[in-house]
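Let me begin by presenting the structure, written as structure tokens, before commenting on it.
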Amino acid sequence: MPAPADAVVHARPELPKELSIAIVREGKELVKAAVEFDNAPGRLAELLRALPPYPQCTLVTVHAATSPDQRTAIGHFYMEVSNAEGAAEVERRLREKPYVRQVFVRAGAGGHLVDSAFPLSLSEHAQGIVLDGRQTSEMLTNLRELMGSGGAVIIYELGKGYGRPRFVRILGAQGVQYMDAHPEYAVQILSAMGWGKMALTHFDREKGTVTIVMEDGFECKGQTSSTPHSQFIRGVLAGAASAALGREIECEERRCVAVGDAFCEFLLRPADPPE
């Protein structure tokens with residue numbers, strides 16, 4: 001059952017995600033190894049065991065993915081090594097495995113290692129970009145200050161322009177019937193993308209009404225306003241709901257962290273309800 005509107009969105013803490021775009025470890029030699037290998041059960045664990053032992057090598061983070069046909073895997077290993085020869089030793093140990101196709105090893109300088117791989121691909125193979133939530137919120141605030149009430153309208157339309165095609169792609173991949181049966185997945189996708197911790201508290205496809213509550217929304221967190229502040233998120237939700245419900249949906253923010261509420265609450269309803 002959906003949580004009541006005045007409930008905390010997430011009763012228990014969740015593990016945060018971390019994108020290893022740049023790692024800084026002062027006074028340490030950092031190495032990144034990108035390994036392409038034939039996928040099979042246990043292969044990733046075997047590759048990790050092949051790395052030089054501690055304290056010669058200390059693993060920091062691991063990212064791995066498989067190809068759509070599951071035949072090939074790619075692992076990105078970030079590690080500390082004890083000396084300048086450590087990178088060469090890591091590469092040698094990985095290359096000697098018969099199922100390894102390619103190895104690329106790069107060392108950092110002065111404790112700084114940047115992941116220079118481009119582009120960043122999302123799971124549906126779309127190119128992604130990473131924005132700092134606080135800086136993005138400040139950008140939108142500057143637009144409001146520059147354009148006044150017109151800035152809020154622009155931000156809302158920007159959100160709609162993002163939300164609608166995003167969920168057209170999701171519906172194409174999952175199907176309308178599936179999303180109707182699992183509407184909570186829509187807000188989980190937005191939460192996973194970093195917009196805020198969201199929960200669906202009401203959904204009525206026939207009437208076209210939806211209620212969503214959000215904690216830690218990037219647009220409102222740390223902001224102070226006399227009126228609801230989530231113009232971009234409001235637009236994203238309106239655009240997404242319009243795509244999901246097959247009719248034009250508008251979104252109203254009824255509660256807002258920026259005006260002093262404990263969380264933000266959004267009511268979505270048809271732009272032109274039947275008489």
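Each chain in the structure tokens gets a letter, A, B, ..., in the order shown, and its residues are numbered from 1; ligands are numbered from 1 in order too.
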Segment 49-259 of chain A: which residues are strand (DSSP E or B) by DSSP, as a count of residues only? 58
All helix (DSSP H, G or I) residues (DSSP, backbone) inside segment 26-247 of chain A, as a PyMOL selection string: chain A and resi 43-50+86-95+133-147+149-174+176-181+184-192+231-245
Distance query Tyr78 of chain A at most 12 Å, only C-alpha atoms, self and fewer than 2 positions along chain excluded, as a ChimeraX atom specification: /A:20-25,29-35,48,51,57-64,75-76,80-81,87,90,105-108,112-115
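Among the candidate residues A:Ser116, A:Ser242, A:Thr209, A:Ser225, the one lying nearest to Arg164 of chain A is A:Ser242, with distances computed using only C-alpha atoms.
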Using only C-alpha atoms, tabulate the residues of segment 146-180 of chain A lying at most 10 Å from any atom of segment 185-198 of chain A, each with its closest atom pair and that distance in Å to one decimal, by chain and increasing residue number, as a Markdown table.
```
| residue | atom | partner | partner_atom | distance |
| --- | --- | --- | --- | --- |
| A:Gly163 | CA | A:Leu190 | CA | 9.6 |
| A:Phe167 | CA | A:Ala186 | CA | 8.3 |
| A:Ile170 | CA | A:Ala186 | CA | 8.8 |
| A:Leu171 | CA | A:Ala186 | CA | 9.9 |
| A:Tyr178 | CA | A:Tyr185 | CA | 9.9 |
| A:Met179 | CA | A:Tyr185 | CA | 7.3 |
| A:Asp180 | CA | A:Tyr185 | CA | 9.7 |
```
10 Å contact set for Arg144 of chain A, only C-alpha atoms, chain neighbours under 5 positions out, as an MDAnalysis selection string: chainID A and resid 138:139 149:155 231
So that I can see what lies close to Phe218 of chain A, please list as a PyMOL selection string the residues with an atom at most 9 Å from it, counting only C-alpha atoms and leaving out residues fewer than 4 positions away in the same chain. chain A and resi 133-134+136-137+194-196+222+230+233
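The shell of residues at most 12 Å from Thr72 of chain A, with only C-alpha atoms counted and near chain neighbours (fewer than 6 positions) removed, consists of Val35, Glu36, Phe37, Asp38, Asn39, Ala40, Pro41, Arg43, Leu44, Ala64, Ala65, Thr66, Tyr99, Val100, Arg101 and Gln102 of chain A.
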Those same residues, written as a short mmCIF file (atom, residue, chain, number, x, y, z; two decimals), in the first residue's frame with C-alpha atoms?
```cif
data_model
loop_
_atom_site.label_atom_id
_atom_site.label_comp_id
_atom_site.auth_asym_id
_atom_site.auth_seq_id
_atom_site.Cartn_x
_atom_site.Cartn_y
_atom_site.Cartn_z
CA VAL A 35 39.58 -5.29 -18.60
CA GLU A 36 37.46 -6.90 -21.34
CA PHE A 37 37.05 -10.64 -20.88
CA ASP A 38 34.94 -13.65 -21.87
CA ASN A 39 32.07 -13.78 -19.42
CA ALA A 40 31.48 -16.87 -17.29
CA PRO A 41 30.53 -17.55 -13.68
CA ARG A 43 35.54 -14.93 -13.87
CA LEU A 44 35.33 -11.52 -12.19
CA ALA A 64 31.54 -4.25 -13.95
CA ALA A 65 29.02 -4.72 -16.76
CA THR A 66 28.15 -7.39 -19.31
CA TYR A 99 40.04 -15.43 -21.32
CA VAL A 100 41.10 -11.77 -21.14
CA ARG A 101 40.66 -10.01 -24.49
CA GLN A 102 41.96 -6.51 -23.79
#
```
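If you look at atom CA of Lys221 of chain A and atom CA of Cys264 of chain A, they are 10.1 Å away from each other.
Of the listed residues A:Gly128, A:Pro183, A:Pro16, A:Gly239, the one whose atoms come nearest to Leu158 of chain A is A:Gly239, with distances taken using only C-alpha atoms.
Distance annotation: of A:Ser67, A:Lys28, A:Ser82, A:Asp132, the residue with the minimal separation from Gly111 of chain A is A:Lys28; atom set is only C-alpha atoms.
If you look at atom CA of Gln135 of chain A and atom CA of Cys220 of chain A, they are 12.1 Å away from each other.
We find atom CA of Phe232 of chain A and atom CA of Leu140 of chain A to be spaced 8.4 Å apart.
Closest approach to Cys256 of chain A from the set A:Ala244, A:Leu268, A:Ile212, A:Val236 is made by A:Ile212, with distances taken over only C-alpha atoms.
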Can you tell me which residues surround Glu253 of chain A at a distance of at most 8 Å, considering only C-alpha atoms, apart from same-chain residues fewer than 4 positions away, and format the answer as a ChimeraX atom specification? /A:228,230,234,264-267
Could you write out the selected residues, including C-alpha atoms, as a short mmCIF file (atom, residue, chain, number, x, y, z; two decimals), in the first residue's frame?
```
data_model
loop_
_atom_site.label_atom_id
_atom_site.label_comp_id
_atom_site.auth_asym_id
_atom_site.auth_seq_id
_atom_site.Cartn_x
_atom_site.Cartn_y
_atom_site.Cartn_z
CA PRO A 228 6.83 26.24 -3.96
CA SER A 230 10.38 22.69 -7.55
CA ARG A 234 7.33 19.54 -11.38
CA CYS A 264 7.73 18.17 -1.22
CA GLU A 265 4.38 16.85 -2.44
CA PHE A 266 3.15 16.90 -6.04
CA LEU A 267 -0.41 16.46 -7.32
#
```
